[in-house]
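Structure file target_0.txt; described as compact mmCIF, C-alpha atoms.
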# COMPACT_ATOMS: atom_id res chain seq x y z
CA MET F 16 70.89 121.43 119.96
CA SER F 17 72.54 118.04 120.23
CA GLU F 18 72.21 117.61 116.46
CA LYS F 19 74.35 120.68 115.97
CA ILE F 20 77.03 119.35 118.28
CA PHE F 21 77.07 115.97 116.57
CA GLU F 22 77.40 117.62 113.19
CA LYS F 23 80.20 119.85 114.38
CA LEU F 24 81.99 116.80 115.77
CA SER F 25 81.70 114.72 112.63
CA THR F 26 82.87 117.68 110.57
CA ALA F 27 85.84 118.22 112.90
CA VAL F 28 86.87 114.59 112.42
CA LEU F 29 86.30 114.77 108.67
CA GLU F 30 88.46 117.89 108.46
CA GLY F 31 91.08 116.52 110.82
CA ASP F 32 90.61 119.40 113.22
CA SER F 33 91.75 118.09 116.61
CA GLY F 34 91.19 121.42 118.39
CA THR F 35 87.53 121.63 117.42
CA SER F 36 87.06 117.93 118.09
CA VAL F 37 88.27 118.23 121.69
CA GLU F 38 86.45 121.50 122.28
CA THR F 39 83.15 120.20 120.93
CA THR F 40 83.44 116.89 122.76
CA GLN F 41 83.86 118.84 125.98
CA LYS F 42 80.97 121.12 125.10
CA GLY F 43 78.75 118.12 124.46
CA LEU F 44 79.65 116.64 127.83
CA ASP F 45 79.06 119.97 129.56
CA GLU F 46 75.62 120.11 128.00
CA GLY F 47 74.78 116.71 129.37
CA LEU F 48 75.15 114.52 126.30
CA SER F 49 76.31 110.98 127.01
CA ALA F 50 79.82 109.88 126.10
CA GLY F 51 78.36 107.05 124.05
CA ASP F 52 76.16 109.40 122.01
CA ILE F 53 79.02 111.81 121.39
CA LEU F 54 81.15 108.91 120.19
CA HIS F 55 78.58 107.18 118.01
CA SER F 56 76.58 110.11 116.64
CA GLY F 57 79.54 112.45 116.34
CA LEU F 58 83.08 111.16 116.12
CA ILE F 59 82.35 107.79 114.51
CA VAL F 60 79.97 109.32 111.95
CA GLY F 61 82.83 111.56 110.82
CA MET F 62 85.28 108.67 110.69
CA ASN F 63 82.85 106.56 108.64
CA GLU F 64 82.70 109.31 106.04
CA VAL F 65 86.50 109.47 106.04
CA GLY F 66 86.54 105.79 105.14
CA VAL F 67 84.17 106.32 102.23
CA ARG F 68 86.11 109.27 100.83
CA PHE F 69 89.49 107.55 101.22
CA LYS F 70 88.26 104.52 99.32
CA ARG F 71 86.97 106.79 96.57
CA GLY F 72 90.33 108.56 96.29
CA ASP F 73 88.85 111.87 97.48
CA MET F 74 90.93 111.82 100.65
CA PHE F 75 94.55 110.88 101.08
CA VAL F 76 96.67 109.37 103.80
CA PRO F 77 97.67 112.68 105.46
CA GLU F 78 94.04 113.72 105.79
CA VAL F 79 93.04 110.31 107.11
CA LEU F 80 95.84 110.55 109.67
CA MET F 81 94.69 113.93 110.86
CA SER F 82 91.09 112.71 111.01
CA ALA F 83 92.13 109.71 113.07
CA GLU F 84 94.05 112.01 115.37
CA ALA F 85 91.04 114.31 115.75
CA MET F 86 88.89 111.33 116.72
CA SER F 87 91.58 109.99 119.02
CA GLU F 88 91.84 113.32 120.85
CA GLY F 89 88.09 113.42 121.39
CA MET F 90 88.19 109.78 122.50
CA LYS F 91 90.64 110.68 125.26
CA LEU F 92 87.96 112.72 126.98
CA LEU F 93 85.33 110.05 126.48
CA ARG F 94 87.34 106.96 127.42
CA PRO F 95 87.21 107.32 131.22
CA LEU F 96 83.50 108.13 131.04
CA LEU F 97 82.73 105.18 128.80
CA ALA F 98 84.56 102.90 131.22
CA LYS F 99 82.71 104.39 134.18
CA SER F 100 79.31 104.15 132.55
CA GLY F 101 79.37 100.50 133.56
CA VAL F 102 78.43 99.18 130.15
CA LYS F 103 79.54 95.59 129.92
CA MET F 104 82.58 95.23 127.64
CA ALA F 105 81.79 93.64 124.32
CA GLY F 106 84.85 91.43 124.50
CA LYS F 107 88.59 91.46 124.17
CA ILE F 108 90.65 91.76 120.98
CA VAL F 109 94.37 91.09 120.53
CA MET F 110 95.38 93.33 117.66
CA GLY F 111 98.63 93.46 115.75
CA THR F 112 100.32 94.11 112.41
CA VAL F 113 101.90 90.90 111.16
CA LYS F 114 105.56 89.97 110.84
CA GLY F 115 107.61 91.99 108.37
CA ASP F 116 105.07 94.79 108.22
CA LEU F 117 105.78 98.10 109.92
CA HIS F 118 102.54 99.87 109.12
CA ASP F 119 100.41 100.46 112.15
CA ILE F 120 98.23 103.41 111.18
CA GLY F 121 95.35 101.25 109.94
CA LYS F 122 95.67 98.80 112.78
CA ASN F 123 95.53 101.60 115.34
CA LEU F 124 92.52 103.08 113.61
CA VAL F 125 90.70 99.74 113.70
CA SER F 126 91.67 99.40 117.36
CA MET F 127 90.12 102.77 118.09
CA MET F 128 86.90 101.94 116.24
CA CYS F 129 86.65 98.61 118.06
CA GLU F 130 87.26 100.37 121.32
CA GLY F 131 84.43 102.70 120.37
CA ALA F 132 82.27 99.61 119.84
CA GLY F 133 82.97 98.55 123.42
CA PHE F 134 85.90 96.17 123.07
CA GLU F 135 88.97 95.99 125.24
CA ILE F 136 92.03 96.15 122.99
CA VAL F 137 95.38 94.47 123.58
CA ASN F 138 97.63 96.14 121.03
CA ILE F 139 100.72 94.05 120.33
CA GLY F 140 102.20 96.52 117.86
CA PHE F 141 103.72 95.98 114.43
CA ASP F 142 106.09 93.40 112.91
CA ALA F 143 104.48 90.93 115.31
CA ALA F 144 105.70 87.37 114.75
CA PRO F 145 103.25 84.45 115.08
CA GLU F 146 104.83 83.59 118.46
CA LYS F 147 103.94 87.06 119.71
CA PHE F 148 100.28 86.54 118.76
CA ILE F 149 100.31 83.15 120.47
CA GLU F 150 101.82 84.55 123.66
CA ALA F 151 99.23 87.31 123.71
CA ILE F 152 96.39 84.82 123.22
CA LYS F 153 97.68 82.71 126.11
CA GLU F 154 98.12 85.70 128.36
CA HIS F 155 94.98 87.69 127.58
CA GLN F 156 92.52 85.02 126.40
CA PRO F 157 90.80 87.29 123.88
CA ASN F 158 87.58 86.58 121.99
CA ILE F 159 89.13 87.83 118.78
CA VAL F 160 92.54 88.14 117.18
CA GLY F 161 92.82 90.99 114.68
CA MET F 162 95.62 90.98 112.12
CA SER F 163 96.63 93.76 109.80
CA ALA F 164 98.96 93.99 106.78
CA MET F 165 99.58 96.84 104.42
CA LEU F 166 101.43 95.02 101.64
CA THR F 167 100.69 92.01 99.47
CA THR F 168 104.20 90.85 100.38
CA THR F 169 103.40 90.78 104.07
CA MET F 170 99.77 89.67 104.05
CA ARG F 171 100.97 86.10 103.54
CA ALA F 172 102.21 86.26 107.12
CA MET F 173 98.55 86.32 108.19
CA GLY F 174 98.15 82.80 106.84
CA HIS F 175 101.33 81.71 108.61
CA THR F 176 100.08 83.21 111.84
CA ILE F 177 96.73 81.42 111.63
CA LYS F 178 98.58 78.19 111.04
CA ALA F 179 100.82 78.78 114.04
CA ILE F 180 97.77 79.51 116.21
CA GLU F 181 96.29 76.21 115.01
CA GLU F 182 99.47 74.33 115.78
CA ALA F 183 99.55 75.84 119.25
CA GLY F 184 96.10 74.34 119.78
CA LEU F 185 94.50 77.73 120.29
CA ARG F 186 92.53 78.17 117.08
CA ASP F 187 89.25 77.05 118.64
CA THR F 188 89.54 79.59 121.43
CA VAL F 189 89.51 82.69 119.19
CA ASP F 190 87.94 84.15 116.10
CA VAL F 191 90.40 85.65 113.65
CA MET F 192 89.65 88.79 111.71
CA VAL F 193 91.94 90.24 109.08
CA GLY F 194 92.22 93.50 107.22
CA GLY F 195 94.54 96.00 105.56
CA ALA F 196 94.86 97.65 102.19
CA PRO F 197 95.62 94.57 100.04
CA VAL F 198 93.37 92.09 101.88
CA ASP F 199 90.01 91.04 100.49
CA GLN F 200 87.30 88.53 101.35
CA GLU F 201 88.67 85.94 98.97
CA PHE F 202 92.10 86.10 100.58
CA ALA F 203 90.57 85.96 104.06
CA ASP F 204 88.65 82.82 103.06
CA ARG F 205 91.74 81.28 101.51
CA ILE F 206 93.78 81.54 104.70
CA GLY F 207 90.90 80.41 106.90
CA ALA F 208 90.14 83.66 108.73
CA ASP F 209 86.72 84.04 110.34
CA GLY F 210 86.14 87.48 108.94
CA TYR F 211 87.43 90.32 106.84
CA GLY F 212 87.06 94.01 107.62
CA ALA F 213 87.15 96.20 104.53
CA ASN F 214 87.80 99.34 106.56
CA ALA F 215 87.93 100.49 110.16
CA PRO F 216 84.17 100.95 110.72
CA ALA F 217 83.40 97.65 108.97
CA SER F 218 85.99 95.91 111.16
CA ALA F 219 84.28 97.16 114.30
CA ASP F 220 80.94 95.86 112.96
CA LEU F 221 82.61 92.55 112.15
CA ALA F 222 84.02 92.27 115.66
CA LYS F 223 80.53 92.76 117.10
CA GLU F 224 79.18 90.15 114.73
CA LEU F 225 81.86 87.66 115.74
CA VAL F 226 80.99 87.95 119.43
CA GLY F 227 77.30 87.86 118.61
CA ILE F 228 76.22 91.35 119.62
CA ALA F 229 75.69 92.89 116.18
CA MET J 23 107.39 92.04 65.29
CA THR J 24 104.70 89.71 66.55
CA SER J 25 104.37 87.24 69.36
CA SER J 26 104.83 83.52 68.71
CA ASN J 27 101.05 83.21 68.42
CA GLY J 28 101.06 85.76 65.61
CA LEU J 29 99.60 88.61 67.62
CA PRO J 30 101.05 92.09 67.46
CA ILE J 31 102.79 93.07 70.70
CA VAL J 32 101.65 96.09 72.65
CA VAL J 33 103.35 97.30 75.83
CA ILE J 34 101.68 98.98 78.77
CA ALA J 35 104.18 99.85 81.46
CA CYS J 36 104.62 101.86 84.59
CA LYS J 37 106.93 104.79 83.96
CA VAL J 38 109.31 103.34 86.54
CA PHE J 39 110.48 100.88 83.84
CA GLN J 40 110.76 103.38 81.01
CA SER J 41 114.54 103.65 80.81
CA GLN J 42 115.06 99.89 81.21
CA LEU J 43 112.51 99.08 78.52
CA GLU J 44 113.84 101.67 76.14
CA ARG J 45 117.34 100.28 76.57
CA LEU J 46 116.38 96.61 76.33
CA MET J 47 113.46 96.25 73.95
CA PRO J 48 114.40 95.31 70.38
CA GLU J 49 113.51 98.01 67.92
CA ASN J 50 110.09 97.45 66.30
CA MET J 51 109.19 94.87 68.91
CA ALA J 52 106.06 96.69 69.98
CA GLN J 53 103.30 98.18 67.85
CA ASP J 54 102.67 100.61 70.61
CA ILE J 55 104.01 101.51 74.05
CA THR J 56 102.10 103.36 76.71
CA PHE J 57 103.83 104.49 79.88
CA LEU J 58 101.41 105.23 82.68
CA ASP J 59 102.02 107.58 85.57
CA TYR J 60 104.15 106.41 88.54
CA GLY J 61 101.80 107.68 91.16
CA LEU J 62 98.81 105.51 90.20
CA HIS J 63 99.75 102.72 92.62
CA ARG J 64 98.96 105.01 95.52
CA VAL J 65 95.29 104.59 94.70
CA PRO J 66 95.18 101.04 93.32
CA ASP J 67 91.59 101.40 92.11
CA GLN J 68 92.73 104.22 89.84
CA LEU J 69 95.59 102.09 88.56
CA THR J 70 93.09 99.36 87.66
CA VAL J 71 90.97 101.86 85.75
CA ALA J 72 93.95 103.39 83.91
CA VAL J 73 95.33 99.99 82.86
CA GLN J 74 91.89 98.70 81.84
CA GLU J 75 91.14 101.79 79.77
CA THR J 76 94.46 101.48 77.98
CA ILE J 77 93.79 97.80 77.24
CA ASP J 78 90.27 98.50 76.04
CA SER J 79 91.49 101.22 73.68
CA ILE J 80 93.59 98.74 71.68
CA GLU J 81 91.56 97.89 68.63
CA LYS J 82 93.27 94.83 67.17
CA PRO J 83 93.56 91.61 69.18
CA SER J 84 97.06 91.80 70.63
CA LEU J 85 99.54 90.28 73.02
CA ILE J 86 99.78 92.89 75.72
CA MET J 87 102.88 92.95 77.85
CA LEU J 88 102.05 94.59 81.14
CA ALA J 89 105.15 95.78 82.99
CA TYR J 90 103.51 95.72 86.39
CA GLY J 91 103.21 93.51 89.42
CA LEU J 92 100.11 93.03 91.52
CA CYS J 93 100.83 96.59 92.74
CA GLY J 94 98.65 96.71 95.83
CA ASN J 95 95.87 94.92 93.92
CA GLY J 96 95.92 97.53 91.16
CA LEU J 97 96.33 94.69 88.65
CA ARG J 98 93.55 92.59 90.15
CA GLY J 99 90.37 92.32 88.13
CA ILE J 100 91.96 93.33 84.84
CA LYS J 101 89.91 91.94 81.96
CA SER J 102 91.77 90.75 78.90
CA GLY J 103 88.83 91.20 76.51
CA GLN J 104 89.95 90.23 73.01
CA HIS J 105 93.63 90.32 74.02
CA THR J 106 96.16 88.03 75.66
CA LEU J 107 98.02 89.47 78.63
CA ILE J 108 101.42 88.66 80.05
CA ILE J 109 102.39 90.07 83.44
CA PRO J 110 105.33 89.41 85.79
CA ARG J 111 104.13 87.28 88.68
CA THR J 112 105.26 89.52 91.48
CA ASP J 113 103.93 91.80 94.15
CA ASP J 114 105.31 95.06 92.84
CA CYS J 115 108.05 96.77 90.86
CA ILE J 116 110.77 96.14 93.41
CA ALA J 117 111.28 92.50 92.45
CA ILE J 118 111.44 93.52 88.79
CA LEU J 119 113.92 96.31 89.50
CA LEU J 120 116.10 94.02 91.60
CA GLY J 121 116.00 91.33 88.91
CA SER J 122 114.12 88.52 90.64
CA ARG J 123 111.59 87.71 93.28
CA LYS J 124 114.28 85.78 95.14
CA LYS J 125 116.49 88.84 95.43
CA TYR J 126 113.51 90.87 96.65
CA ILE J 127 112.71 88.33 99.34
CA GLN J 128 116.35 88.33 100.46
CA GLU J 129 116.34 92.11 100.77
CA PHE J 130 112.96 92.05 102.43
CA GLU J 131 113.91 89.48 105.01
CA ALA J 132 117.15 91.29 105.82
CA THR J 133 115.46 94.68 106.27
CA PRO J 134 111.66 94.74 106.03
CA GLY J 135 111.54 98.47 106.73
CA THR J 136 113.11 99.57 103.48
CA TYR J 137 112.01 102.54 101.43
CA TYR J 138 113.10 101.96 97.84
CA LEU J 139 114.17 104.86 95.72
CA THR J 140 114.68 104.80 91.96
CA LYS J 141 115.71 107.50 89.54
CA GLY J 142 112.12 107.54 88.38
CA TRP J 143 110.89 108.24 91.89
CA LEU J 144 113.52 110.95 92.24
CA GLU J 145 112.55 112.57 88.96
CA SER J 146 108.82 112.39 89.56
CA GLY J 147 109.22 113.64 93.10
CA SER J 148 107.88 110.48 94.70
CA ASN J 149 110.15 110.36 97.72
CA PRO J 150 109.88 111.31 101.38
CA LEU J 151 111.65 114.65 101.05
CA GLN J 152 109.45 115.80 98.20
CA GLU J 153 106.43 114.45 100.02
CA TYR J 154 107.35 116.53 103.06
CA ASN J 155 107.69 119.65 100.92
CA GLU J 156 104.30 119.07 99.36
CA TYR J 157 102.67 118.51 102.72
CA LYS J 158 104.36 121.62 104.08
CA GLU J 159 102.78 123.67 101.36
CA LYS J 160 99.37 122.14 101.94
CA TYR J 161 99.18 121.64 105.70
CA GLY J 162 101.90 123.85 107.16
CA GLU J 163 105.25 122.87 108.62
CA LYS J 164 104.10 121.46 111.93
CA ASP J 165 101.37 119.19 110.56
CA ALA J 166 103.63 118.15 107.67
CA ALA J 167 106.35 117.02 110.07
CA TRP J 168 103.78 115.13 112.15
CA ILE J 169 102.30 113.40 109.10
CA MET J 170 105.74 112.31 107.89
CA ASP J 171 106.58 111.03 111.32
CA GLN J 172 103.43 108.92 111.45
CA GLN J 173 104.25 107.35 108.10
CA TYR J 174 107.97 106.78 108.25
CA LYS J 175 109.10 106.45 111.84
CA HIS J 176 109.29 102.65 111.70
CA TYR J 177 111.40 102.40 108.54
CA GLU J 178 115.10 101.58 108.82
CA ARG J 179 116.68 101.93 105.43
CA LEU J 180 116.62 103.99 102.27
CA ALA J 181 117.78 101.88 99.33
CA PHE J 182 118.56 103.60 96.07
CA VAL J 183 118.22 101.16 93.16
CA ALA J 184 119.66 101.98 89.74
CA HIS J 185 120.65 99.82 86.79
CA THR J 186 123.89 101.34 85.62
CA ARG J 187 126.93 102.65 87.51
CA ASN J 188 126.44 105.81 85.58
CA ASP J 189 122.93 106.32 86.91
CA ILE J 190 124.08 105.64 90.45
CA GLU J 191 126.73 108.35 90.14
CA LYS J 192 124.38 110.73 88.42
CA TYR J 193 121.50 110.46 90.88
CA ARG J 194 123.58 109.99 94.03
CA PRO J 195 123.44 113.64 95.11
CA GLN J 196 119.64 113.65 94.91
CA ALA J 197 119.35 110.31 96.65
CA GLN J 198 121.66 111.45 99.39
CA GLU J 199 119.64 114.57 99.91
CA VAL J 200 116.61 112.37 100.58
CA ALA J 201 118.77 110.16 102.81
CA LYS J 202 119.84 113.16 104.84
CA TYR J 203 116.24 114.15 105.40
CA CYS J 204 115.39 110.61 106.51
CA GLU J 205 118.20 110.50 109.07
CA GLN J 206 115.76 111.88 111.62
CA TRP J 207 114.19 108.41 111.82
CA GLY J 208 117.55 106.64 111.85
CA PHE J 209 117.37 105.49 108.22
CA ARG J 210 120.62 104.15 106.84
CA TYR J 211 121.40 104.78 103.18
CA GLU J 212 122.39 102.03 100.75
CA GLU J 213 122.88 101.79 97.00
CA ILE J 214 121.83 98.67 95.13
CA LEU J 215 122.80 97.95 91.56
CA GLY J 216 119.60 96.55 90.09
CA SER J 217 119.40 93.78 87.55
CA ASP J 218 117.74 93.69 84.14
CA SER J 219 117.15 89.95 84.21
CA TYR J 220 113.44 89.95 85.11
CA ILE J 221 112.46 92.61 82.60
CA GLN J 222 114.69 90.96 80.00
CA ARG J 223 112.84 87.69 80.52
CA LEU J 224 109.52 89.51 80.23
CA ILE J 225 110.58 90.87 76.85
CA GLU J 226 111.69 87.40 75.74
CA VAL J 227 108.55 85.56 76.77
CA ALA J 228 106.37 88.24 75.20
CA THR J 229 107.80 87.16 71.86
CA LYS J 230 107.86 83.45 72.77
CA LEU J 231 104.77 82.97 74.86
CA ASP J 232 105.22 79.19 75.15
CA GLN J 233 108.33 79.87 77.24
CA ALA J 234 106.38 81.65 79.95
CA ASP J 235 107.04 79.86 83.25
CA LYS J 236 105.88 80.41 86.83
CA GLU J 237 107.55 83.81 86.84
CA PHE J 238 104.70 85.11 84.70
CA VAL J 239 100.94 85.32 84.67
CA VAL J 240 99.43 84.70 81.24
CA ILE J 241 95.79 85.65 80.72
CA PRO J 242 94.02 84.35 77.60
CA PRO J 243 91.23 86.38 75.98
CA ASN J 244 87.99 86.93 77.89
CA ARG J 245 89.48 86.21 81.28
CA GLU J 246 90.26 88.27 84.32
CA THR J 247 93.24 88.56 86.68
CA THR J 248 92.83 87.64 90.35
CA GLN J 249 95.01 88.34 93.34
CA ALA J 250 95.71 84.63 93.80
CA MET J 251 97.32 84.39 90.36
CA PHE J 252 100.13 86.63 91.56
CA MET J 253 100.76 84.64 94.74
CA ARG J 254 103.23 81.82 94.97
Any chance you could give the structure as structure tokens?
Amino acid sequence: MSEKIFEKLSTAVLEGDSGTSVETTQKGLDEGLSAGDILHSGLIVGMNEVGVRFKRGDMFVPEVLMSAEAMSEGMKLLRPLLAKSGVKMAGKIVMGTVKGDLHDIGKNLVSMMCEGAGFEIVNIGFDAAPEKFIEAIKEHQPNIVGMSAMLTTTMRAMGHTIKAIEEAGLRDTVDVMVGGAPVDQEFADRIGADGYGANAPASADLAKELVGIA
Amino acid sequence: MTSSNGLPIVVIACKVFQSQLERLMPENMAQDITFLDYGLHRVPDQLTVAVQETIDSIEKPSLIMLAYGLCGNGLRGIKSGQHTLIIPRTDDCIAILLGSRKKYIQEFEATPGTYYLTKGWLESGSNPLQEYNEYKEKYGEKDAAWIMDQQYKHYERLAFVAHTRNDIEKYRPQAQEVAKYCEQWGFRYEEILGSDSYIQRLIEVATKLDQADKEFVVIPPNRETTQAMFMR
């Protein structure tokens, strides 16, 4: 029975069907499935497939957006239950899109996947200057700083931000992970990031790895 | 016409540069010109494949002038094979359309949230208004409006770039129609007279390869482009 619900959930996410996603999430809960299982065996499975198809060019931005929304709507029901379940948080991530870049769809998607992996997210928005990252690090003392950029023109700001974090004497207190359409491992290495997430699911895995719970 | 190293010149260009190249390239400069579809940059992996296939289909060793930038990494991992490649060292077409990387950076720093519009984008229907109409057809009005909102709500400006006064006049009504649609997100509309200087230089250095400076990436035979080559 639970298999059927999980499949329906992953399909709802894949098809960007928020109504079915919410309905089925609720149905799963009513039937006694755990919030964690619904998230990991249902919603996230669908979102992982979205990532694969998008990369292949079989899915486009509008569909990805609707899929993310479908997952997000299901997440709303699960969030309070996940918090209540008393599972120890995996860690804290300050997440933002770097200076000059206004694209926050990917960053929000990564935030959601990391949240699903048990992290507390401090979302500092888009067009976030290095100073904003530094302030957030001082205030929230995260384990990880996640930076996103959508353009090759703006991804340079990731390097500038890492440098600013260094100069503020905070580099040793956090791991830095980077991602976004134009970013690759080579670039991440070049600017001295601790990790690169090729897509939202991979970024959540990376975050777990960085805090040593993968 | 051949390059200074005696190779025949072949041009592979994004359609966005078609009118500029046709206006500026000396007659008989190129053995062959291929214009590839505008929309390829949306899926950079497909752009890589399209450019690579076009390169690989050229039989004689040639100097290939690629009118592209890094284009979201679409031009990363391009293998020269038996050919020599010359490519503008820039992120994307905007710097080339505006005439220099410096001008692009100025515009970018002044208003990062700019959506650039060219006559090519208008003609091919690659603009927010057309996008909305396509989405409406596919996903219905409500979802289409939501999708557009997600993508464009943070932008501030619609900049129409054209290279002649004539083109600006001619395409203004279409550009303004797009601008009107984008008013819902508070876009302001501006017209920018582009410059031919970058593409003109590209044409020049294709014939005199030894004059290629840091504005260009030159790839000898049997090498491959990397992202870092386009950075400066």
Near range 33-50 of chain F, counting only C-alpha atoms, which residues have an atom at most 9 Å away, once you skip same-chain residues fewer than 2 positions from it, shown as a ChimeraX atom specification? /F:17,20-21,23-28,30-31,52-55,57-58,81-82,84-94,96-97,100
Between chain J and chain F, at 9 Å or less, what are the per-residue closest atom pairs and their distances in Å? Count only C-alpha atoms, order by chain and rising residue number, and return it as CSV.
residue,atom,partner,partner_atom,distance
J:Val65,CA,F:Gly72,CA,6.5
J:Asp67,CA,F:Arg71,CA,8.4
J:Gln68,CA,F:Gly72,CA,8.1
J:Leu92,CA,F:Thr167,CA,8.0
J:Cys93,CA,F:Thr167,CA,8.1
J:Gly94,CA,F:Pro197,CA,5.6
J:Asn95,CA,F:Pro197,CA,6.1
J:Asp113,CA,F:Thr167,CA,6.2
J:Asp114,CA,F:Thr167,CA,8.6
J:Ile127,CA,F:Thr168,CA,8.9
J:Phe130,CA,F:Gly115,CA,8.0
J:Glu131,CA,F:Gly115,CA,7.6
J:Thr133,CA,F:Gly115,CA,8.6
J:Pro134,CA,F:Gly115,CA,5.4
J:Gly135,CA,F:Leu117,CA,6.6
J:Tyr157,CA,F:Pro77,CA,8.2
J:Asp165,CA,F:Met81,CA,8.5
J:Ala166,CA,F:Pro77,CA,8.4
J:Ile169,CA,F:Pro77,CA,5.9
J:Met170,CA,F:Pro77,CA,8.4
J:Gln172,CA,F:Ile120,CA,7.6
J:Gln173,CA,F:His118,CA,7.7
J:Tyr174,CA,F:His118,CA,8.8
J:His176,CA,F:Leu117,CA,6.0
J:Tyr177,CA,F:Leu117,CA,7.2
J:Gln249,CA,F:Phe202,CA,8.1
J:Ala250,CA,F:Phe202,CA,7.8
J:Met253,CA,F:Thr167,CA,8.8
Using all atoms listed in the file: which of J:Leu120, J:Leu180, J:Thr247, J:Ile241 has the shortest distance to Leu215 in chain J: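 Using all atoms listed in the file, the shortest distance to Leu215 in chain J belongs to J:Leu120.
Proximity to Phe252 in chain J was assessed for J:Thr140, J:Thr112, J:Ser217, J:Gln128 counting only C-alpha atoms; the smallest distance is recorded for J:Thr112.
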Using only C-alpha atoms, which of the listed residues (J:Asp189, J:Glu213, J:Asp171, J:Asp54) sits closest to Thr24 in chain J? J:Asp54
Select all residues near (92.4, 100.7, 113.3) (cut-off 10 Å, inclusive, file coordinates), counting all atoms listed in the file, and output them as a list in words. Ala83, Met110, Gly111, Asp119, Ile120, Gly121, Lys122, Asn123, Leu124, Val125, Ser126, Met127, Met128, Cys129, Glu130, Gly161, Ser163, Gly194, Gly195, Asn214, Ala215, Pro216, Ser218 and Ala219 of chain F
Residue selection dump (C-alpha atoms) as a PDB file, in the frame of the given file:
ATOM      1  CA  ALA F  83      92.130 109.710 113.070  1.00  0.00           C
ATOM      2  CA  MET F 110      95.380  93.330 117.660  1.00  0.00           C
ATOM      3  CA  GLY F 111      98.630  93.460 115.750  1.00  0.00           C
ATOM      4  CA  ASP F 119     100.410 100.460 112.150  1.00  0.00           C
ATOM      5  CA  ILE F 120      98.230 103.410 111.180  1.00  0.00           C
ATOM      6  CA  GLY F 121      95.350 101.250 109.940  1.00  0.00           C
ATOM      7  CA  LYS F 122      95.670  98.800 112.780  1.00  0.00           C
ATOM      8  CA  ASN F 123      95.530 101.600 115.340  1.00  0.00           C
ATOM      9  CA  LEU F 124      92.520 103.080 113.610  1.00  0.00           C
ATOM     10  CA  VAL F 125      90.700  99.740 113.700  1.00  0.00           C
ATOM     11  CA  SER F 126      91.670  99.400 117.360  1.00  0.00           C
ATOM     12  CA  MET F 127      90.120 102.770 118.090  1.00  0.00           C
ATOM     13  CA  MET F 128      86.900 101.940 116.240  1.00  0.00           C
ATOM     14  CA  CYS F 129      86.650  98.610 118.060  1.00  0.00           C
ATOM     15  CA  GLU F 130      87.260 100.370 121.320  1.00  0.00           C
ATOM     16  CA  GLY F 161      92.820  90.990 114.680  1.00  0.00           C
ATOM     17  CA  SER F 163      96.630  93.760 109.800  1.00  0.00           C
ATOM     18  CA  GLY F 194      92.220  93.500 107.220  1.00  0.00           C
ATOM     19  CA  GLY F 195      94.540  96.000 105.560  1.00  0.00           C
ATOM     20  CA  ASN F 214      87.800  99.340 106.560  1.00  0.00           C
ATOM     21  CA  ALA F 215      87.930 100.490 110.160  1.00  0.00           C
ATOM     22  CA  PRO F 216      84.170 100.950 110.720  1.00  0.00           C
ATOM     23  CA  SER F 218      85.990  95.910 111.160  1.00  0.00           C
ATOM     24  CA  ALA F 219      84.280  97.160 114.300  1.00  0.00           C
TER      25      ALA F 219
END
Just give me the gap between CA of Gly121 in chain J and CA of Val183 in chain J in Å, one decimal is fine. 10.9 Å
Minimum-distance residue to Met251 in chain J, chosen among J:Leu119, J:Ala201, J:Ile190, J:Ile100 (using all atoms listed in the file):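 That would be J:Ile100, the residue with the smallest distance to Met251 in chain J.
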Need to verify the contact set: Arg45 in chain J, 12 Å, only C-alpha atoms, exclusion of same-chain residues closer than 2 positions in sequence. Can you return it as a PyMOL selection string? chain J and resi 39-43+47-49+185-186+218+221-222+225
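Distance-wise, CA of Glu199 in chain J and CA of Ile214 in chain J end up 16.7 Å apart.
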At what distance in Å, to one decimal, does CA of Gln104 in chain J lie from CA of Gly61 in chain J?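 That distance, rounded to one decimal, is 27.8 Å.
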